[in-house]
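A.B. asks: What follows is coords-v2.csv, CSV, C-alpha atoms and all ligand atoms.
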chain,number,residue,atom,x,y,z
H,1,MET,CA,-37.1,-27.6,42.2
H,2,LEU,CA,-36.5,-24.0,41.5
H,3,LEU,CA,-33.1,-24.1,43.0
H,4,LEU,CA,-32.2,-27.1,40.9
H,5,SER,CA,-33.3,-25.5,37.7
H,6,ILE,CA,-31.4,-22.4,38.5
H,7,LEU,CA,-28.3,-24.5,39.3
H,8,SER,CA,-28.7,-26.4,36.0
H,9,LEU,CA,-29.2,-23.2,34.1
H,10,ALA,CA,-26.1,-21.8,35.6
H,11,ALA,CA,-24.1,-25.0,34.8
H,12,THR,CA,-25.3,-24.7,31.2
H,13,ALA,CA,-24.2,-21.1,31.0
H,14,ILE,CA,-20.8,-21.9,32.3
H,15,ALA,CA,-20.3,-25.1,30.2
H,16,ALA,CA,-21.4,-23.7,26.9
H,17,PRO,CA,-18.7,-21.0,26.2
H,18,ARG,CA,-15.9,-23.3,27.4
H,19,ALA,CA,-15.8,-25.2,24.1
H,20,ILE,CA,-15.2,-22.1,22.1
H,21,ALA,CA,-13.1,-20.1,24.5
H,22,ASP,CA,-10.2,-22.5,24.3
H,23,CYS,CA,-7.7,-20.6,22.1
H,24,THR,CA,-5.6,-19.1,24.7
H,25,ARG,CA,-1.9,-18.4,24.7
H,26,SER,CA,-1.3,-21.0,27.4
H,27,VAL,CA,-3.1,-23.7,25.3
H,28,LEU,CA,-0.9,-22.9,22.3
H,29,GLU,CA,2.3,-22.7,24.4
H,30,GLY,CA,1.4,-26.0,26.0
H,31,ALA,CA,1.0,-27.6,22.5
H,32,THR,CA,4.3,-26.2,21.2
H,33,ALA,CA,6.1,-27.4,24.3
H,34,ASP,CA,4.6,-30.8,23.8
H,35,TYR,CA,5.6,-30.7,20.1
H,36,ILE,CA,9.3,-29.8,20.9
H,37,ALA,CA,9.4,-32.6,23.6
H,38,ALA,CA,7.9,-35.0,21.1
H,39,GLN,CA,10.6,-34.2,18.4
H,40,THR,CA,13.3,-34.6,21.1
H,41,ALA,CA,11.8,-38.0,22.1
H,42,GLY,CA,11.1,-39.2,18.6
H,43,SER,CA,7.4,-39.9,19.4
H,44,SER,CA,4.3,-37.9,18.9
H,45,ALA,CA,2.6,-39.7,21.8
H,46,GLY,CA,3.2,-36.7,24.2
H,47,ILE,CA,1.4,-34.1,22.1
H,48,LYS,CA,-1.8,-34.2,24.2
H,49,ALA,CA,-3.8,-31.8,22.0
H,50,LEU,CA,-3.3,-33.9,18.8
H,51,SER,CA,-6.6,-34.6,17.1
H,52,THR,CA,-7.3,-38.2,16.1
H,53,SER,CA,-8.3,-36.7,12.7
H,54,LEU,CA,-5.1,-34.8,12.2
H,55,ASN,CA,-4.3,-33.6,8.7
H,56,TYR,CA,-0.5,-33.8,8.6
H,57,THR,CA,1.9,-32.9,5.8
H,58,GLU,CA,5.7,-33.0,5.5
H,59,ASN,CA,7.3,-30.8,2.8
H,60,ASP,CA,3.7,-30.3,1.4
H,61,LYS,CA,3.1,-34.0,0.9
H,62,ALA,CA,0.6,-36.1,2.9
H,63,ALA,CA,2.4,-38.0,5.7
H,64,THR,CA,1.8,-39.4,9.2
H,65,VAL,CA,3.3,-38.4,12.5
H,66,ALA,CA,4.0,-42.1,13.3
H,67,THR,CA,6.3,-42.5,10.3
H,68,GLY,CA,7.5,-38.9,9.6
H,69,ILE,CA,10.2,-36.8,11.1
H,70,LEU,CA,8.5,-36.9,14.6
H,71,ALA,CA,9.5,-40.6,14.8
H,72,THR,CA,13.2,-39.6,14.9
H,73,ALA,CA,14.6,-38.4,18.2
H,74,LEU,CA,16.6,-35.2,17.6
H,75,LYS,CA,18.9,-33.2,19.8
H,76,ILE,CA,17.5,-29.7,19.3
H,77,ASP,CA,19.9,-26.8,19.7
H,78,HIS,CA,17.5,-23.9,19.4
H,79,THR,CA,13.8,-23.3,19.2
H,80,LYS,CA,11.5,-20.3,18.6
H,81,SER,CA,7.7,-20.5,18.7
H,82,THR,CA,5.1,-17.9,17.9
H,83,TYR,CA,1.3,-17.8,18.7
H,84,ASP,CA,-1.6,-16.6,16.6
H,85,LEU,CA,-4.7,-16.3,18.9
H,86,THR,CA,-6.9,-15.1,16.1
H,87,ALA,CA,-6.3,-17.9,13.6
H,88,CYS,CA,-5.6,-20.3,16.5
H,89,ALA,CA,-2.3,-21.5,15.1
H,90,THR,CA,1.4,-21.7,16.0
H,91,TYR,CA,4.7,-21.7,14.3
H,92,THR,CA,7.9,-23.3,15.6
H,93,GLU,CA,11.4,-23.2,14.2
H,94,LEU,CA,13.9,-25.9,15.3
H,95,ILE,CA,17.6,-25.9,14.6
H,96,ILE,CA,19.5,-29.1,14.8
H,97,THR,CA,23.2,-29.3,14.2
H,98,ASP,CA,23.7,-32.8,15.7
H,99,THR,CA,25.4,-35.1,13.1
H,100,LYS,CA,22.6,-37.7,13.4
H,101,LEU,CA,20.4,-35.5,11.2
H,102,PRO,CA,21.5,-31.9,10.8
H,103,SER,CA,18.3,-30.1,9.9
H,104,VAL,CA,16.3,-26.9,10.2
H,105,ILE,CA,12.6,-27.6,10.7
H,106,GLY,CA,9.6,-25.3,10.5
H,107,THR,CA,6.2,-26.4,11.8
H,108,GLN,CA,2.8,-24.7,11.7
H,109,MET,CA,0.0,-26.2,13.8
H,110,ARG,CA,-3.7,-25.2,13.5
H,111,PHE,CA,-6.3,-25.8,16.2
H,112,THR,CA,-10.0,-26.5,16.2
H,113,ASN,CA,-11.8,-26.6,19.6
H,114,GLY,CA,-8.4,-26.9,21.4
H,115,GLN,CA,-7.2,-29.7,19.3
H,116,VAL,CA,-4.4,-29.7,16.7
H,117,THR,CA,-6.3,-30.6,13.5
H,118,LYS,CA,-3.7,-29.6,11.0
H,119,MET,CA,0.1,-29.8,11.2
H,120,GLN,CA,2.4,-28.8,8.4
H,121,THR,CA,6.1,-29.4,8.7
H,122,LEU,CA,9.0,-28.4,6.4
H,123,VAL,CA,12.2,-30.3,7.0
H,124,THR,CA,15.3,-28.8,5.4
H,125,LYS,CA,18.5,-30.9,5.2
H,126,LYS,CA,21.7,-31.2,3.3
H,127,GLY,CA,21.1,-30.3,-0.3
H,128,ASP,CA,18.3,-27.8,0.5
H,129,TRP,CA,18.7,-24.1,-0.3
H,130,LEU,CA,21.8,-22.6,1.4
H,131,PHE,CA,21.6,-25.3,4.1
H,132,ASP,CA,24.1,-24.7,6.9
H,133,PRO,CA,22.6,-25.4,10.3
H,134,ALA,CA,25.7,-24.3,12.2
H,135,SER,CA,25.5,-20.9,10.6
H,136,THR,CA,21.7,-20.7,11.0
H,137,LEU,CA,22.2,-21.4,14.7
H,138,LYS,CA,25.1,-18.9,15.1
H,139,TRP,CA,23.1,-16.0,13.5
H,140,ALA,CA,19.7,-16.9,15.1
H,141,LYS,CA,21.3,-16.7,18.5
H,142,THR,CA,22.4,-13.1,17.9
H,143,GLU,CA,18.9,-11.9,17.0
H,144,ASP,CA,16.3,-10.3,19.3
H,145,TRP,CA,12.8,-11.7,18.7
H,146,THR,CA,11.5,-10.9,22.2
H,147,THR,CA,8.2,-9.4,23.1
H,148,ILE,CA,7.4,-6.0,21.7
H,149,PRO,CA,6.2,-3.5,24.4
H,150,ASP,CA,2.4,-2.8,24.2
H,151,ALA,CA,2.7,0.8,23.0
H,152,LYS,CA,5.0,-0.1,20.1
H,153,ARG,CA,3.0,-3.1,18.8
H,154,ASP,CA,1.9,-3.2,15.1
H,155,THR,CA,-1.6,-4.4,14.2
H,156,ARG,CA,-2.1,-7.8,12.6
H,157,ALA,CA,-2.9,-6.0,9.3
H,158,VAL,CA,0.4,-4.0,9.3
H,159,ILE,CA,2.4,-7.1,10.1
H,160,GLN,CA,0.8,-9.2,7.3
H,161,ALA,CA,1.1,-6.3,4.8
H,162,ALA,CA,4.8,-6.0,5.4
H,163,ALA,CA,5.3,-9.7,4.8
H,164,ASP,CA,3.1,-9.7,1.7
H,165,ALA,CA,4.9,-6.7,0.2
H,166,TYR,CA,8.2,-8.6,0.6
H,167,LEU,CA,6.7,-11.7,-1.0
H,168,ASP,CA,5.0,-9.7,-3.8
H,169,ILE,CA,8.1,-8.0,-5.0
H,170,PHE,CA,9.4,-11.3,-6.3
H,171,LYS,CA,6.8,-10.9,-9.0
H,172,ASP,CA,6.1,-7.2,-9.1
H,173,LYS,CA,9.0,-4.8,-8.8
H,174,THR,CA,6.7,-1.8,-8.3
H,175,VAL,CA,5.7,-3.0,-4.9
H,176,LYS,CA,7.0,-0.8,-2.0
H,177,VAL,CA,8.6,-2.9,0.7
H,178,PRO,CA,8.8,-1.4,4.2
H,179,TRP,CA,12.5,-2.2,4.6
H,180,GLY,CA,13.9,-1.6,8.1
H,181,THR,CA,17.4,-0.4,8.9
H,182,PRO,CA,19.0,-2.5,10.1
H,183,CYS,CA,17.4,-5.5,8.4
H,184,ASP,CA,18.9,-9.0,8.4
H,185,ARG,CA,17.9,-12.0,6.3
H,186,LEU,CA,18.8,-15.5,7.3
H,187,GLU,CA,18.3,-17.5,4.1
H,188,GLY,CA,18.9,-21.1,4.9
H,189,GLY,CA,22.2,-20.6,6.7
H,190,SER,CA,23.3,-17.6,4.8
H,191,TYR,CA,23.2,-14.1,6.4
H,192,THR,CA,22.8,-10.9,4.4
H,193,GLY,CA,24.3,-8.7,7.1
H,194,LYS,CA,27.1,-8.6,9.5
H,195,GLY,CA,25.0,-7.8,12.6
H,196,THR,CA,25.7,-4.1,12.2
H,197,ALA,CA,23.3,-1.0,12.4
H,198,THR,CA,23.5,-0.5,8.6
H,199,ASP,CA,22.6,-4.1,7.5
H,200,SER,CA,20.1,-4.2,4.6
H,201,CYS,CA,17.8,-6.9,3.3
H,202,ASN,CA,17.3,-5.1,0.0
H,203,VAL,CA,20.2,-7.0,-1.5
H,204,GLY,CA,18.9,-8.7,-4.6
H,205,ILE,CA,15.5,-10.4,-5.1
H,206,PRO,CA,15.0,-12.5,-8.2
H,207,ASN,CA,12.5,-11.5,-10.9
H,208,ASN,CA,9.2,-12.9,-12.0
H,209,ILE,CA,8.6,-15.6,-9.3
H,210,ASP,CA,5.2,-16.2,-7.9
H,211,LEU,CA,5.0,-17.0,-4.2
H,212,VAL,CA,1.5,-18.5,-3.7
H,213,ASN,CA,-0.6,-20.7,-1.5
H,214,ARG,CA,0.3,-18.5,1.5
H,215,ARG,CA,-0.5,-19.8,5.0
H,216,TYR,CA,0.0,-17.2,7.8
H,217,VAL,CA,0.8,-17.4,11.5
H,218,ILE,CA,0.7,-13.9,13.0
H,219,ASP,CA,1.8,-13.0,16.5
H,220,GLU,CA,1.3,-9.3,17.4
H,221,THR,CA,3.1,-9.6,20.7
H,222,LEU,CA,6.3,-10.7,19.0
H,223,GLY,CA,5.7,-8.7,15.8
H,224,THR,CA,6.0,-11.8,13.7
H,225,VAL,CA,4.4,-13.5,10.8
H,226,ASP,CA,5.4,-16.9,9.4
H,227,VAL,CA,4.2,-17.7,5.9
H,228,PHE,CA,4.3,-21.1,4.4
H,229,LEU,CA,4.1,-20.9,0.6
H,230,SER,CA,4.8,-22.5,-2.7
H,231,PHE,CA,7.9,-20.9,-4.2
H,232,GLY,CA,7.4,-20.4,-8.0
H,233,GLY,CA,3.7,-21.0,-8.6
H,234,PRO,CA,1.2,-23.5,-7.3
H,235,THR,CA,3.5,-26.5,-7.8
H,236,GLY,CA,6.5,-24.6,-6.6
H,237,ARG,CA,9.0,-25.6,-3.8
H,238,PRO,CA,7.8,-25.9,-0.2
H,239,ASP,CA,9.0,-22.8,1.6
H,240,SER,CA,8.7,-20.8,4.8
H,241,HIS,CA,9.4,-17.1,5.1
H,242,GLU,CA,9.2,-15.8,8.7
H,243,PHE,CA,9.4,-12.0,9.4
H,244,ARG,CA,9.9,-9.9,12.5
H,245,ILE,CA,8.3,-6.5,12.0
H,246,GLU,CA,9.2,-3.5,14.2
H,247,SER,CA,7.2,-0.3,13.9
H,248,GLY,CA,5.9,-1.4,10.5
H,249,LYS,CA,9.3,-2.2,9.1
H,250,ILE,CA,11.0,-5.5,8.3
H,251,ARG,CA,13.7,-6.2,10.9
H,252,TYR,CA,14.5,-9.9,10.3
H,253,VAL,CA,13.6,-12.6,7.7
H,254,HIS,CA,14.2,-16.3,8.1
H,255,THR,CA,13.7,-18.6,5.1
H,256,LEU,CA,13.5,-22.4,4.6
H,257,THR,CA,13.3,-23.8,1.1
H,258,VAL,CA,13.0,-27.5,0.3
H,259,MET,CA,14.9,-28.4,-2.8
H,260,THR,CA,15.2,-32.2,-2.5
V,1,LIG,C1,-5.3,-32.0,4.2
V,1,LIG,O1,-5.4,-30.6,4.0
V,1,LIG,C2,-5.0,-30.2,2.6
V,1,LIG,C3,-5.1,-28.7,2.5
V,1,LIG,O2,-4.1,-28.2,3.4
V,1,LIG,C4,-6.0,-30.8,1.7
V,1,LIG,O3,-5.6,-30.5,0.3
V,1,LIG,C5,-6.0,-32.3,1.9
V,1,LIG,O4,-7.0,-32.9,1.1
V,1,LIG,C6,-6.3,-32.7,3.3
V,1,LIG,N1,-6.2,-34.1,3.5
V,1,LIG,C7,-7.1,-34.8,4.1
V,1,LIG,C8,-6.8,-36.3,4.2
V,1,LIG,O5,-8.2,-34.3,4.5
Have the structure of the file written as structure tokens, please.
Ligand SMILES: *[C@@H]1O[C@H](CO)[C@@H](O)[C@H](O)[C@H]1NC(C)=O

C.D. replies:
Amino acid sequence: MLLLSILSLAATAIAAPRAIADCTRSVLEGATADYIAAQTAGSSAGIKALSTSLNYTENDKAATVATGILATALKIDHTKSTYDLTACATYTELIITDTKLPSVIGTQMRFTNGQVTKMQTLVTKKGDWLFDPASTLKWAKTEDWTTIPDAKRDTRAVIQAAADAYLDIFKDKTVKVPWGTPCDRLEGGSYTGKGTATDSCNVGIPNNIDLVNRRYVIDETLGTVDVFLSFGGPTGRPDSHEFRIESGKIRYVHTLTVMT
């Protein structure tokens, strides 16, 4: 009897934390791998972590994975994923040059108890801001978004603050942005730099534009933050700004803006 109750106590102690200790890098990596495979296959069926009560949007409109972009098989040239273990969320960038549906796609997934409960996708295509997937691919391949060594990592707060400063200066020109040198901005398919040591991202930002409704995915190990936002006020264009921060300064910016 005593042994049994000790055993059952022990079982409870082991089982209880399991439900909440499920936001690990390997869970998030598994889900993004499934997501990329699903987009390649044209079916969401293989995304094992997908919740039955998934909240899914495409270009900020309610949609379904069964009828949305995931239902189209795409030949993907390039992918990049980042992992936020604090918010339990991921961001994945997909570049597709194939003539079937040239597109650059950004997807944020958010997890609850190990399941994807929210998925937001931006699909940019012909007609969207500076759309040129061959150029996006060319430049993305030259960049270094690999793991930042432990000793050089920025905190979550520093990474987010750098992104917010950049996004705030669209409205408020007094904001101090921690520009890096070099810094390169890949805006749709347009590159601000030439891939040289003196490249600058401080090359003209429009005035008086509110970037609101910001949704963050922050990965300290990669020094990245992706921000989904509404470009130009609450009913503005669906937009993603992704940043790579190195030693507190902006190294790369990738943008997607849906116009159509
Ligand atoms: C999905 O989430 C959005 C917020 O991101 C919310 O406005 C919307 O009501 C949700 N949809 C459903 C069906 O819960």

A.B. asks: Using all atoms listed in the file, determine which residues fall within 12 Å of ligand LIG 1 (chain V), then list them as a PyMOL selection string.

C.D. replies: chain H and resi 53-64+108-110+117-121+213-215+228-229

A.B. asks: Of the residues H:Thr235, H:Ser103, H:Thr136, H:Asn207, which is the one nearest to Leu74 of chain H, using all atoms listed in the file?

C.D. replies: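 For Leu74 of chain H, the nearest of the candidates is H:Ser103.
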
A.B. asks: Kindly indicate which residue among H:Tyr83, H:Trp139, H:Phe131, H:Tyr166 lies nearest to Pro102 of chain H, using only C-alpha atoms for the distances.

C.D. replies: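 Among the listed residues, H:Phe131 lies closest to Pro102 of chain H.
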
A.B. asks: Rank nothing, just name the residue among H:Gly195, H:Gly188, H:Gly30, H:Gly233 nearest to Asp128 of chain H, using all atoms listed in the file.

C.D. replies: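 Nearest candidate to Asp128 of chain H out of H:Gly195, H:Gly188, H:Gly30, H:Gly233: H:Gly188.
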
A.B. asks: Considering all atoms listed in the file, can you say which of H:Gly106, H:Gly42, H:Gly204, H:Gly68 comes closest to Ser240 of chain H?

C.D. replies: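 Smallest distance to Ser240 of chain H is found for H:Gly106.
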
A.B. asks: One decimal, Å: what's the distance from atom CA of Val212 of chain H over to atom CA of Thr255 of chain H, could you say?

C.D. replies: 15.0 Å

A.B. asks: Which distance in Å separates atom CA of Lys80 of chain H and atom CA of Asp184 of chain H, to one decimal?

C.D. replies: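 Distance between the two atoms: 16.9 Å.
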
A.B. asks: What is the distance, in Å and to one decimal place, between atom CA of Ile209 of chain H and atom CA of Asp172 of chain H?

C.D. replies: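 Computing the Euclidean distance for atom CA of Ile209 of chain H and atom CA of Asp172 of chain H yields 8.8 Å.
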
A.B. asks: Can you tell me, as a count of residues only, what residues are no more than 7 Å from Glu220 of chain H when counting all atoms listed in the file, ignoring any on the same chain fewer than 4 positions away?

C.D. replies: 5

A.B. asks: Taking (24.8, -16.9, 10.3) in the file's coordinates, which residues come within 6 Å, counting all atoms listed in the file, written as a PyMOL selection string?

C.D. replies: chain H and resi 135-136+138-139+189-191

A.B. asks: Taking only C-alpha atoms into account, name the residue in H:Ile69, H:Leu167, H:Val123, H:Leu222 that is nearest to Arg244 of chain H.

C.D. replies: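 Nearest candidate to Arg244 of chain H out of H:Ile69, H:Leu167, H:Val123, H:Leu222: H:Leu222.
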
A.B. asks: Could you tell me which of H:Gly248, H:Pro133, H:Gly127, H:Gly232 comes closest to Val104 of chain H if we count all atoms listed in the file?

C.D. replies: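 Smallest separation from Val104 of chain H among the options: H:Pro133.
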
A.B. asks: Could you list, as an NGL selection string, every residue within 7 Å of Tyr216 of chain H, counting only C-alpha atoms and ignoring same-chain residues fewer than 6 positions away?

C.D. replies: :H and (225-228)

A.B. asks: Need the shell around Ala87 of chain H: protein/DNA/RNA residues with any atom at most 10 Å away, counting all atoms listed in the file. Skip same-chain ones fewer than 6 positions apart. Format as an MDAnalysis selection string?

C.D. replies: chainID H and resid 23 110:112 216:219
